[in-house]
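What follows is the content of coords-v5.csv (CSV, C-alpha atoms).
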chain,number,residue,atom,x,y,z
A,283,MET,CA,0.0,0.0,0.0
A,284,LYS,CA,1.8,3.0,-1.4
A,285,LEU,CA,0.0,5.4,1.0
A,286,LEU,CA,1.3,3.5,4.1
A,287,GLU,CA,4.8,3.2,2.7
A,288,ASP,CA,4.9,6.9,2.1
A,289,LYS,CA,3.6,7.6,5.6
A,290,ILE,CA,6.2,5.3,7.1
A,291,LEU,CA,8.9,7.2,5.2
A,292,THR,CA,7.7,10.6,6.2
A,293,ASP,CA,6.4,10.0,9.7
A,294,GLY,CA,8.2,6.9,10.9
A,295,VAL,CA,11.4,7.0,13.0
A,296,VAL,CA,14.0,4.2,12.9
A,297,LYS,CA,15.7,3.5,16.2
A,298,PRO,CA,18.7,1.3,17.0
A,299,GLY,CA,17.9,-2.4,17.1
A,300,ASN,CA,15.7,-2.4,14.0
A,301,ILE,CA,12.9,-0.6,15.9
A,302,LEU,CA,10.5,1.4,13.8
A,303,LYS,CA,8.4,4.0,15.7
A,304,VAL,CA,5.1,4.8,14.0
A,305,ASP,CA,3.6,6.1,17.2
A,306,ASN,CA,2.5,9.4,15.7
A,307,PHE,CA,-0.2,7.8,13.5
A,308,LEU,CA,-0.6,4.1,14.2
A,309,ASN,CA,0.0,2.8,17.8
A,310,HIS,CA,0.1,5.6,20.3
A,311,GLN,CA,-1.4,8.6,18.6
A,312,ILE,CA,-3.9,7.4,16.0
A,313,ASP,CA,-4.7,9.0,12.7
A,314,VAL,CA,-8.3,7.9,12.3
A,315,ALA,CA,-8.8,9.1,8.7
A,316,PHE,CA,-5.7,7.1,7.7
A,317,LEU,CA,-7.0,4.0,9.5
A,318,ASN,CA,-10.1,4.3,7.2
A,319,GLU,CA,-7.7,4.2,4.2
A,320,ILE,CA,-6.2,1.0,5.7
A,321,GLY,CA,-9.8,-0.3,6.1
A,322,SER,CA,-10.5,0.2,2.4
A,323,GLU,CA,-7.4,-1.6,1.5
A,324,PHE,CA,-8.1,-4.6,3.8
A,325,ALA,CA,-11.7,-4.7,2.4
A,326,ARG,CA,-10.2,-4.9,-1.2
A,327,LEU,CA,-7.9,-7.7,-0.1
A,328,PHE,CA,-10.4,-9.8,2.1
A,329,GLY,CA,-13.8,-8.5,1.0
A,330,ASP,CA,-14.8,-11.7,-0.7
A,331,LYS,CA,-14.0,-14.0,2.3
A,332,LYS,CA,-17.4,-13.7,4.0
A,333,ILE,CA,-15.6,-12.5,7.2
A,334,ASN,CA,-18.1,-12.3,10.1
A,335,LYS,CA,-15.6,-11.5,12.9
A,336,ILE,CA,-12.4,-9.5,13.2
A,337,MET,CA,-9.9,-10.4,15.9
A,338,THR,CA,-6.9,-8.7,17.3
A,339,ILE,CA,-4.9,-8.4,20.5
A,340,GLU,CA,-4.7,-5.6,23.0
A,341,ALA,CA,-3.7,-2.9,22.9
A,342,SER,CA,-2.5,-1.3,19.6
A,343,GLY,CA,-4.6,-3.6,17.4
A,344,ILE,CA,-7.9,-2.5,18.8
A,345,GLY,CA,-8.1,0.9,17.1
A,346,ILE,CA,-7.2,-0.6,13.7
A,347,ALA,CA,-9.6,-3.5,14.1
A,348,THR,CA,-12.5,-1.3,15.1
A,349,ILE,CA,-12.1,1.2,12.2
A,350,VAL,CA,-11.5,-1.6,9.7
A,351,ALA,CA,-14.6,-3.4,10.8
A,352,GLN,CA,-16.7,-0.6,9.4
A,353,HIS,CA,-15.4,-1.7,6.0
A,354,PHE,CA,-16.7,-5.2,6.6
A,355,ASP,CA,-20.4,-4.4,7.3
A,356,ASN,CA,-19.7,-3.6,10.9
A,357,VAL,CA,-18.9,-7.2,11.9
A,358,PRO,CA,-18.0,-7.6,15.6
A,359,VAL,CA,-14.5,-7.0,16.7
A,360,LEU,CA,-13.1,-9.3,19.4
A,361,PHE,CA,-9.8,-8.5,21.0
A,362,ALA,CA,-7.7,-11.0,23.0
A,363,LYS,CA,-6.8,-9.7,26.5
A,364,LYS,CA,-3.5,-10.0,28.2
A,365,ALA,CA,-4.2,-11.9,31.4
A,366,LYS,CA,-3.7,-9.7,34.5
A,367,SER,CA,-3.9,-12.5,37.0
A,368,ALA,CA,-3.1,-16.2,37.2
A,369,ASN,CA,-6.7,-16.7,38.2
A,370,ILE,CA,-8.2,-17.7,34.8
A,371,GLY,CA,-11.7,-19.2,34.7
A,372,ASP,CA,-12.6,-22.2,32.5
A,373,ASP,CA,-14.9,-20.0,30.4
A,374,LEU,CA,-11.8,-18.7,28.6
A,375,TYR,CA,-9.6,-19.8,25.7
A,376,THR,CA,-6.0,-19.1,26.6
A,377,SER,CA,-2.7,-19.2,24.9
A,378,VAL,CA,0.9,-18.3,25.9
A,379,VAL,CA,2.7,-15.7,23.8
A,380,LYS,CA,6.4,-15.2,23.9
A,381,SER,CA,7.3,-11.5,24.0
A,382,TYR,CA,10.7,-10.7,22.4
A,383,THR,CA,10.3,-7.0,23.1
A,384,TYR,CA,9.9,-7.5,26.9
A,385,GLY,CA,11.7,-10.8,27.3
A,386,LYS,CA,9.0,-12.7,29.0
A,387,ASP,CA,6.0,-14.8,28.2
A,388,TYR,CA,2.4,-13.6,28.8
A,389,THR,CA,-1.0,-15.3,28.5
A,390,ILE,CA,-3.8,-14.0,26.3
A,391,THR,CA,-7.4,-14.9,26.9
A,392,VAL,CA,-10.7,-14.8,24.9
A,393,SER,CA,-14.1,-15.6,26.3
A,394,LYS,CA,-15.4,-18.9,24.9
A,395,LYS,CA,-18.9,-17.4,24.3
A,396,PHE,CA,-17.6,-15.1,21.6
A,397,LEU,CA,-15.9,-17.6,19.3
A,398,SER,CA,-17.5,-20.6,17.7
A,399,THR,CA,-17.3,-23.0,14.7
A,400,ASP,CA,-19.6,-20.5,12.8
A,401,ASP,CA,-17.0,-17.8,12.8
A,402,ARG,CA,-15.0,-16.8,9.7
A,403,VAL,CA,-12.2,-14.7,11.2
A,404,LEU,CA,-10.0,-12.0,9.9
A,405,ILE,CA,-7.0,-11.4,12.2
A,406,LEU,CA,-5.6,-7.9,12.2
A,407,ASP,CA,-2.6,-6.3,13.9
A,408,ASP,CA,-0.3,-3.3,13.6
A,409,PHE,CA,3.0,-5.1,13.4
A,410,MET,CA,4.3,-8.6,12.7
A,411,ALA,CA,7.9,-9.6,13.3
A,412,MET,CA,8.4,-13.0,14.9
A,413,GLY,CA,4.7,-13.7,14.7
A,414,SER,CA,4.3,-14.7,18.4
A,415,ALA,CA,1.1,-12.8,19.0
A,416,MET,CA,-0.3,-14.0,15.7
A,417,ASN,CA,0.4,-17.6,16.7
A,418,GLY,CA,-1.3,-17.1,20.0
A,419,LEU,CA,-4.5,-15.8,18.3
A,420,ILE,CA,-4.3,-18.7,15.7
A,421,ASP,CA,-4.1,-21.2,18.6
A,422,ILE,CA,-7.2,-19.7,20.3
A,423,ILE,CA,-9.2,-19.6,17.0
A,424,ASN,CA,-8.2,-23.3,16.4
A,425,GLN,CA,-9.3,-24.2,19.9
A,426,ALA,CA,-12.7,-22.7,19.1
A,427,GLY,CA,-12.9,-24.5,15.8
A,428,ALA,CA,-13.5,-21.2,14.0
A,429,SER,CA,-11.9,-20.7,10.5
A,430,ILE,CA,-9.1,-18.3,9.8
A,431,GLU,CA,-10.0,-16.5,6.5
A,432,GLY,CA,-7.1,-14.1,6.5
A,433,ILE,CA,-4.4,-12.3,8.4
A,434,GLY,CA,-4.0,-8.6,7.8
A,435,ILE,CA,-0.9,-6.8,9.0
A,436,CYS,CA,-0.1,-3.1,8.6
A,437,ILE,CA,3.6,-3.4,8.8
A,438,GLU,CA,5.6,-6.6,8.5
A,439,LYS,CA,9.2,-6.8,9.3
A,440,GLY,CA,10.1,-9.1,6.4
A,441,PHE,CA,13.6,-9.7,7.7
A,442,GLN,CA,12.1,-11.6,10.6
A,443,PRO,CA,10.5,-15.0,10.1
A,444,GLY,CA,6.9,-14.5,11.3
A,445,GLY,CA,5.2,-13.7,8.0
A,446,GLN,CA,7.0,-16.3,5.9
A,447,SER,CA,6.4,-19.0,8.5
A,448,LEU,CA,2.6,-18.3,8.4
A,449,ARG,CA,2.6,-18.2,4.6
A,450,ASP,CA,4.4,-21.5,4.5
A,451,ARG,CA,1.7,-23.0,6.8
A,452,GLY,CA,-0.9,-21.9,4.2
A,453,TYR,CA,-2.4,-18.8,5.8
A,454,ASN,CA,-3.5,-15.9,3.6
A,455,VAL,CA,-1.2,-13.2,5.1
A,456,GLN,CA,-1.5,-9.8,3.5
A,457,SER,CA,0.8,-7.1,4.8
A,458,LEU,CA,0.2,-3.5,3.6
A,459,ALA,CA,3.9,-2.7,3.9
A,460,ILE,CA,6.8,-5.2,4.2
A,461,ILE,CA,10.1,-3.9,5.3
A,462,ASP,CA,13.0,-6.0,4.0
A,463,ASN,CA,15.8,-4.0,5.4
A,464,MET,CA,16.1,-1.0,7.8
A,465,ASP,CA,19.9,-1.1,8.5
A,466,ASN,CA,21.4,2.3,9.2
A,467,GLY,CA,18.0,3.9,9.3
A,468,VAL,CA,17.3,3.4,5.6
A,469,ILE,CA,14.0,1.6,5.0
A,470,THR,CA,13.7,-0.8,2.0
A,471,PHE,CA,10.2,-2.1,1.2
A,472,ARG,CA,9.5,-5.3,-0.6
A,473,GLU,CA,8.0,-4.9,-4.0
A,474,GLN,CA,4.3,-6.2,-3.9
B,163,MET,CA,-28.7,7.7,26.7
B,164,LYS,CA,-31.7,5.5,26.4
B,165,LEU,CA,-30.1,3.2,23.8
B,166,LEU,CA,-27.2,2.4,26.1
B,167,GLU,CA,-29.4,1.9,29.1
B,168,ASP,CA,-31.5,-0.5,27.1
B,169,LYS,CA,-28.4,-2.3,25.8
B,170,ILE,CA,-27.1,-2.7,29.4
B,171,LEU,CA,-30.4,-4.2,30.5
B,172,THR,CA,-30.6,-6.6,27.6
B,173,ASP,CA,-27.0,-7.6,27.1
B,174,GLY,CA,-25.2,-6.7,30.4
B,175,VAL,CA,-24.6,-9.3,33.1
B,176,VAL,CA,-24.4,-8.4,36.8
B,177,LYS,CA,-21.8,-10.4,38.8
B,178,PRO,CA,-21.2,-10.6,42.5
B,179,GLY,CA,-19.3,-7.6,43.9
B,180,ASN,CA,-21.1,-5.0,41.9
B,181,ILE,CA,-19.4,-6.1,38.7
B,182,LEU,CA,-21.2,-5.3,35.4
B,183,LYS,CA,-20.1,-7.3,32.4
B,184,VAL,CA,-20.7,-5.6,29.1
B,185,ASP,CA,-18.1,-7.6,27.3
B,186,ASN,CA,-20.4,-8.7,24.5
B,187,PHE,CA,-20.6,-5.2,23.0
B,188,LEU,CA,-18.3,-2.7,24.7
B,189,ASN,CA,-14.9,-4.0,26.1
B,190,HIS,CA,-14.0,-7.5,24.8
B,191,GLN,CA,-16.3,-8.0,21.8
B,192,ILE,CA,-17.1,-4.6,20.3
B,193,ASP,CA,-20.3,-3.6,18.5
B,194,VAL,CA,-18.9,-1.1,16.1
B,195,ALA,CA,-22.3,0.2,14.8
B,196,PHE,CA,-23.3,0.8,18.5
B,197,LEU,CA,-20.1,2.7,19.1
B,198,ASN,CA,-21.0,5.0,16.3
B,199,GLU,CA,-24.3,5.7,18.1
B,200,ILE,CA,-22.2,6.5,21.2
B,201,GLY,CA,-20.1,8.8,19.0
B,202,SER,CA,-23.2,10.7,17.9
B,203,GLU,CA,-24.2,11.3,21.5
B,204,PHE,CA,-20.8,12.5,22.6
B,205,ALA,CA,-20.7,14.8,19.6
B,206,ARG,CA,-24.1,16.2,20.7
B,207,LEU,CA,-22.7,16.7,24.3
B,208,PHE,CA,-19.2,18.1,23.4
B,209,GLY,CA,-19.5,19.2,19.8
B,210,ASP,CA,-19.2,22.9,20.6
B,211,LYS,CA,-16.0,22.5,22.7
B,212,LYS,CA,-13.5,22.9,19.8
B,213,ILE,CA,-12.0,19.5,20.8
B,214,ASN,CA,-8.8,18.8,18.8
B,215,LYS,CA,-7.6,15.7,20.6
B,216,ILE,CA,-9.3,12.7,22.2
B,217,MET,CA,-7.5,10.8,24.9
B,218,THR,CA,-8.1,7.5,26.5
B,219,ILE,CA,-6.2,4.7,28.2
B,220,GLU,CA,-5.4,1.2,27.0
B,221,ALA,CA,-7.0,-1.1,26.4
B,222,SER,CA,-10.8,-0.9,26.4
B,223,GLY,CA,-11.0,2.8,25.8
B,224,ILE,CA,-9.2,2.6,22.5
B,225,GLY,CA,-12.0,1.2,20.3
B,226,ILE,CA,-14.4,3.7,21.7
B,227,ALA,CA,-12.1,6.7,21.3
B,228,THR,CA,-11.2,5.8,17.7
B,229,ILE,CA,-14.8,5.4,16.5
B,230,VAL,CA,-16.0,8.5,18.4
B,231,ALA,CA,-13.2,10.6,16.9
B,232,GLN,CA,-14.9,10.2,13.5
B,233,HIS,CA,-17.7,12.3,15.0
B,234,PHE,CA,-15.2,15.1,15.9
B,235,ASP,CA,-13.8,15.7,12.4
B,236,ASN,CA,-11.3,12.8,12.8
B,237,VAL,CA,-9.2,14.5,15.5
B,238,PRO,CA,-6.2,12.5,16.6
B,239,VAL,CA,-6.7,9.9,19.3
B,240,LEU,CA,-4.0,9.5,21.9
B,241,PHE,CA,-4.0,6.6,24.3
B,242,ALA,CA,-2.0,6.4,27.5
B,243,LYS,CA,0.0,3.2,27.7
B,244,LYS,CA,0.4,1.1,30.7
B,245,ALA,CA,4.2,1.0,31.4
B,246,LYS,CA,5.6,-2.5,30.8
B,247,SER,CA,9.0,-1.8,32.3
B,248,ALA,CA,10.5,0.4,34.9
B,249,ASN,CA,12.8,1.8,32.2
B,250,ILE,CA,10.9,5.0,31.3
B,251,GLY,CA,12.6,7.7,29.3
B,252,ASP,CA,12.4,11.4,30.0
B,253,ASP,CA,10.4,12.0,26.8
B,254,LEU,CA,7.3,10.7,28.5
B,255,TYR,CA,4.7,12.1,30.8
B,256,THR,CA,3.9,9.5,33.5
B,257,SER,CA,1.3,9.1,36.3
B,258,VAL,CA,0.7,6.4,38.8
B,259,VAL,CA,-2.8,4.9,38.8
B,260,LYS,CA,-4.3,2.9,41.6
B,261,SER,CA,-6.1,-0.2,40.4
B,262,TYR,CA,-8.9,-1.4,42.7
B,263,THR,CA,-9.7,-4.3,40.4
B,264,TYR,CA,-6.3,-5.8,40.5
B,265,GLY,CA,-5.1,-4.5,43.9
B,266,LYS,CA,-1.9,-2.8,42.7
B,267,ASP,CA,-0.7,0.4,41.3
B,268,TYR,CA,0.5,0.8,37.7
B,269,THR,CA,2.2,3.6,35.7
B,270,ILE,CA,0.7,5.1,32.6
B,271,THR,CA,2.8,7.0,30.0
B,272,VAL,CA,2.2,9.4,27.2
B,273,SER,CA,4.9,10.7,24.8
B,274,LYS,CA,5.5,14.4,25.5
B,275,LYS,CA,5.6,15.1,21.7
B,276,PHE,CA,1.9,14.4,21.3
B,277,LEU,CA,0.5,16.7,24.0
B,278,SER,CA,1.0,20.5,24.2
B,279,THR,CA,-0.6,23.7,25.5
B,280,ASP,CA,-2.4,24.0,22.2
B,281,ASP,CA,-4.5,20.9,22.9
B,282,ARG,CA,-8.2,21.0,23.8
B,283,VAL,CA,-8.8,17.5,25.0
B,284,LEU,CA,-11.8,15.3,25.4
B,285,ILE,CA,-11.1,12.3,27.7
B,286,LEU,CA,-13.1,9.2,27.0
B,287,ASP,CA,-13.4,5.8,28.7
B,288,ASP,CA,-15.7,2.8,28.9
B,289,PHE,CA,-16.2,2.8,32.7
B,290,MET,CA,-15.8,5.1,35.7
B,291,ALA,CA,-16.0,3.9,39.3
B,292,MET,CA,-13.4,5.3,41.6
B,293,GLY,CA,-12.0,7.5,38.9
B,294,SER,CA,-8.4,6.4,39.3
B,295,ALA,CA,-7.6,6.1,35.6
B,296,MET,CA,-9.3,9.4,34.9
B,297,ASN,CA,-7.2,11.1,37.5
B,298,GLY,CA,-4.0,9.7,36.0
B,299,LEU,CA,-5.0,11.1,32.6
B,300,ILE,CA,-5.9,14.5,34.1
B,301,ASP,CA,-2.5,14.6,35.8
B,302,ILE,CA,-0.7,13.9,32.5
B,303,ILE,CA,-2.8,16.5,30.6
B,304,ASN,CA,-2.1,19.1,33.3
B,305,GLN,CA,1.6,18.3,33.2
B,306,ALA,CA,1.5,19.1,29.5
B,307,GLY,CA,-0.5,22.3,30.1
B,308,ALA,CA,-3.2,21.2,27.7
B,309,SER,CA,-6.9,22.0,28.5
B,310,ILE,CA,-9.5,19.4,29.5
B,311,GLU,CA,-12.7,20.4,27.7
B,312,GLY,CA,-14.7,17.4,28.8
B,313,ILE,CA,-14.8,13.9,30.2
B,314,GLY,CA,-17.1,11.4,28.4
B,315,ILE,CA,-17.8,8.1,30.1
B,316,CYS,CA,-20.0,5.3,28.7
B,317,ILE,CA,-21.0,3.7,32.0
B,318,GLU,CA,-20.5,5.4,35.4
B,319,LYS,CA,-21.0,3.6,38.6
B,320,GLY,CA,-22.8,6.4,40.4
B,321,PHE,CA,-22.6,4.6,43.8
B,322,GLN,CA,-18.8,5.0,43.7
B,323,PRO,CA,-17.2,8.4,44.2
B,324,GLY,CA,-15.2,9.0,41.0
B,325,GLY,CA,-17.7,10.9,38.9
B,326,GLN,CA,-19.0,13.2,41.7
B,327,SER,CA,-15.5,14.0,42.8
B,328,LEU,CA,-14.6,15.1,39.3
B,329,ARG,CA,-17.8,17.2,39.0
B,330,ASP,CA,-17.0,18.8,42.3
B,331,ARG,CA,-13.6,19.8,41.0
B,332,GLY,CA,-15.4,21.6,38.1
B,333,TYR,CA,-14.9,19.1,35.2
B,334,ASN,CA,-17.6,18.7,32.6
B,335,VAL,CA,-18.3,15.0,33.1
B,336,GLN,CA,-20.9,13.5,30.9
B,337,SER,CA,-21.8,9.8,31.5
B,338,LEU,CA,-24.1,8.2,29.0
B,339,ALA,CA,-25.5,5.9,31.6
B,340,ILE,CA,-25.2,6.3,35.4
B,341,ILE,CA,-25.9,3.2,37.6
B,342,ASP,CA,-27.0,4.3,41.0
B,343,ASN,CA,-27.7,0.8,42.3
B,344,MET,CA,-27.1,-2.8,41.1
B,345,ASP,CA,-27.7,-4.7,44.3
B,346,ASN,CA,-29.1,-8.2,43.8
B,347,GLY,CA,-28.6,-7.9,40.1
B,348,VAL,CA,-31.2,-5.2,39.6
B,349,ILE,CA,-29.8,-2.2,37.8
B,350,THR,CA,-31.2,1.3,38.6
B,351,PHE,CA,-30.2,4.1,36.4
B,352,ARG,CA,-30.0,7.7,37.5
B,353,GLU,CA,-32.5,10.0,35.7
B,354,GLN,CA,-30.6,12.4,33.4
Using the file provided, produce a representation of the structure as structure tokens.
Amino acid sequence: MKLLEDKILTDGVVKPGNILKVDNFLNHQIDVAFLNEIGSEFARLFGDKKINKIMTIEASGIGIATIVAQHFDNVPVLFAKKAKSANIGDDLYTSVVKSYTYGKDYTITVSKKFLSTDDRVLILDDFMAMGSAMNGLIDIINQAGASIEGIGICIEKGFQPGGQSLRDRGYNVQSLAIIDNMDNGVITFREQ
Amino acid sequence: MKLLEDKILTDGVVKPGNILKVDNFLNHQIDVAFLNEIGSEFARLFGDKKINKIMTIEASGIGIATIVAQHFDNVPVLFAKKAKSANIGDDLYTSVVKSYTYGKDYTITVSKKFLSTDDRVLILDDFMAMGSAMNGLIDIINQAGASIEGIGICIEKGFQPGGQSLRDRGYNVQSLAIIDNMDNGVITFREQ
């Protein structure tokens, strides 16, 4: 998506350690009009998949998922929560996610009552690198017996294995911008 | 807001300890069309305040703030983050929030670059009870020298002191539904 690539180049900031900060429009301050452009693009990519639920994970995925849902006939958004206590009831699906950013694992939860075999799910998130959060969501959707109709990512770090691994497993992963290299602060996008 | 009160009565579940679960439309699964109704109502209540930024706190406020922003000419949304490490840079505003639900304090952060004396802020959140999170946001907005033009809450627990305390301090607090009593699972709304 040319518009997103341009926005990354003008507004993004590359920090040491291959960190890309897009917190002025995507995941801290949110440009709502721009999210609607992203919503149009995801609708173009997944509009024929009969999506009836959009799933993401707290926190930065929520704004994206909510705006994008408007481009899918206002289907419900369901976000996985990060467990705040070890006291987890049996009315929840859970999965353990490895966090490379913070160096420890955490548990995500989804209420069983909101996910069933009838659901045709589009998973959305702001970033994908190792794909850990994505694998946690996939695990939960599989536990529920729902079908995964697509995975939409705003920015994929193509030099990390998450996206390729999911594509190799047969998932329809569509990333609006794939960064193949950002060494020395120079961003190179993959041709799509 | 009659529509929200009705939705709470039909879809909400009262749990022991004065807990109201509205996770099927507001803060786990999200009814996006309904959030747009909430957006219209907040626009009616605060539309003349020249709001140029909407602030909330992760996670459940984000979906609400993002949809509501569309009813305020797509002003930027800025959400305070819950600090994940003690390693906080000096480019952040911080405030400590007491959590009654989880029994421990946490720190919220906002990048200094996204909040300034030019900002006329509308604060939004899904729930207010003790008002702890709200006070953390107010603290941060005051540190930045921005002005607080209003506080919009979806569901206020009127039998807890947060809302009254903020009104006594002169804030323009508008709650779309105020629950005065929910003993024995029977919800009584305040006349507004």
Contact residues around A:Val304 with only C-alpha atoms at 8 Å, ignoring same-chain residues under 4 positions, as JSON, numbers by chain
{"A": [290, 293, 294, 295, 308, 309]}
Any idea what's packed within 12 Å of B:Asp345, counting all atoms listed in the file, ignoring anything in its chain fewer than 2 positions away? Could you give it as an MDAnalysis selection string?
chainID B and resid 176:182 321 341:343 347:350
Quick one: which residues from chain A are at most 6 Å off chain B, using only C-alpha atoms, as a short mmCIF file (atom, residue, chain, number, x, y, z; two decimals) with C-alpha atoms, in the frame of the given file?
data_model
loop_
_atom_site.label_atom_id
_atom_site.label_comp_id
_atom_site.auth_asym_id
_atom_site.auth_seq_id
_atom_site.Cartn_x
_atom_site.Cartn_y
_atom_site.Cartn_z
CA HIS A 310 0.10 5.60 20.30
CA GLN A 311 -1.40 8.60 18.60
CA ILE A 312 -3.90 7.40 16.00
CA ASP A 313 -4.70 9.00 12.70
CA VAL A 314 -8.30 7.90 12.30
CA ALA A 341 -3.70 -2.90 22.90
CA ILE A 344 -7.90 -2.50 18.80
CA GLY A 345 -8.10 0.90 17.10
CA THR A 348 -12.50 -1.30 15.10
CA ASN A 356 -19.70 -3.60 10.90
CA PRO A 358 -18.00 -7.60 15.60
CA VAL A 359 -14.50 -7.00 16.70
CA LEU A 360 -13.10 -9.30 19.40
CA PHE A 361 -9.80 -8.50 21.00
#
Provide the atom CA of A:Phe471 to atom CA of A:Gly440 distance in Å, to one decimal place.
8.7 Å
Between atom CA of A:Thr399 and atom CA of A:Asp373, what is the distance in Å, rounded to a tenth?
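Taking atom CA of A:Thr399 as the start and atom CA of A:Asp373 as the end point, the length is 16.2 Å.
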What does the structure give for the distance between atom CA of A:Asn424 and atom CA of A:Thr391, in Å to one decimal?
13.5 Å
Around (-7.7, 8.2, 39.0) in the file's frame, which residues reach within 9 Å when counting all atoms listed in the file? Return as a PyMOL selection string?
chain B and resi 258-261+292-301+324
Within 12 Å of B:Gly312, counting all atoms listed in the file, which residues show up once you throw out same-chain ones fewer than 3 positions away? Write them as a PyMOL selection string, please.
chain B and resi 204-205+207-217+282-287+296+300+309+315+328-329+332-337
Using C-alpha atoms, can you write the selected residues to a file as a short mmCIF file (atom, residue, chain, number, x, y, z; two decimals), keeping the file's coordinate frame?
data_model
loop_
_atom_site.label_atom_id
_atom_site.label_comp_id
_atom_site.auth_asym_id
_atom_site.auth_seq_id
_atom_site.Cartn_x
_atom_site.Cartn_y
_atom_site.Cartn_z
CA PHE B 204 -20.80 12.50 22.60
CA ALA B 205 -20.70 14.80 19.60
CA LEU B 207 -22.70 16.70 24.30
CA PHE B 208 -19.20 18.10 23.40
CA GLY B 209 -19.50 19.20 19.80
CA ASP B 210 -19.20 22.90 20.60
CA LYS B 211 -16.00 22.50 22.70
CA LYS B 212 -13.50 22.90 19.80
CA ILE B 213 -12.00 19.50 20.80
CA ASN B 214 -8.80 18.80 18.80
CA LYS B 215 -7.60 15.70 20.60
CA ILE B 216 -9.30 12.70 22.20
CA MET B 217 -7.50 10.80 24.90
CA ARG B 282 -8.20 21.00 23.80
CA VAL B 283 -8.80 17.50 25.00
CA LEU B 284 -11.80 15.30 25.40
CA ILE B 285 -11.10 12.30 27.70
CA LEU B 286 -13.10 9.20 27.00
CA ASP B 287 -13.40 5.80 28.70
CA MET B 296 -9.30 9.40 34.90
CA ILE B 300 -5.90 14.50 34.10
CA SER B 309 -6.90 22.00 28.50
CA ILE B 315 -17.80 8.10 30.10
CA LEU B 328 -14.60 15.10 39.30
CA ARG B 329 -17.80 17.20 39.00
CA GLY B 332 -15.40 21.60 38.10
CA TYR B 333 -14.90 19.10 35.20
CA ASN B 334 -17.60 18.70 32.60
CA VAL B 335 -18.30 15.00 33.10
CA GLN B 336 -20.90 13.50 30.90
CA SER B 337 -21.80 9.80 31.50
#
Pick from B:Glu318, B:Glu167, B:Asp280, B:Asp330, whichever lies nearest to B:Ala306 using all atoms listed in the file
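When distances to B:Ala306 are compared using all atoms listed in the file, the smallest one comes from B:Asp280.
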Residues at most 7 Å from B:Ile317, counting all atoms listed in the file, excluding those fewer than 3 positions away in the same chain, as a list in words?
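Contacts, with the query itself left out: Asp288, Phe289, Met290, Ser337, Leu338, Ala339 and Ile340 of chain B.
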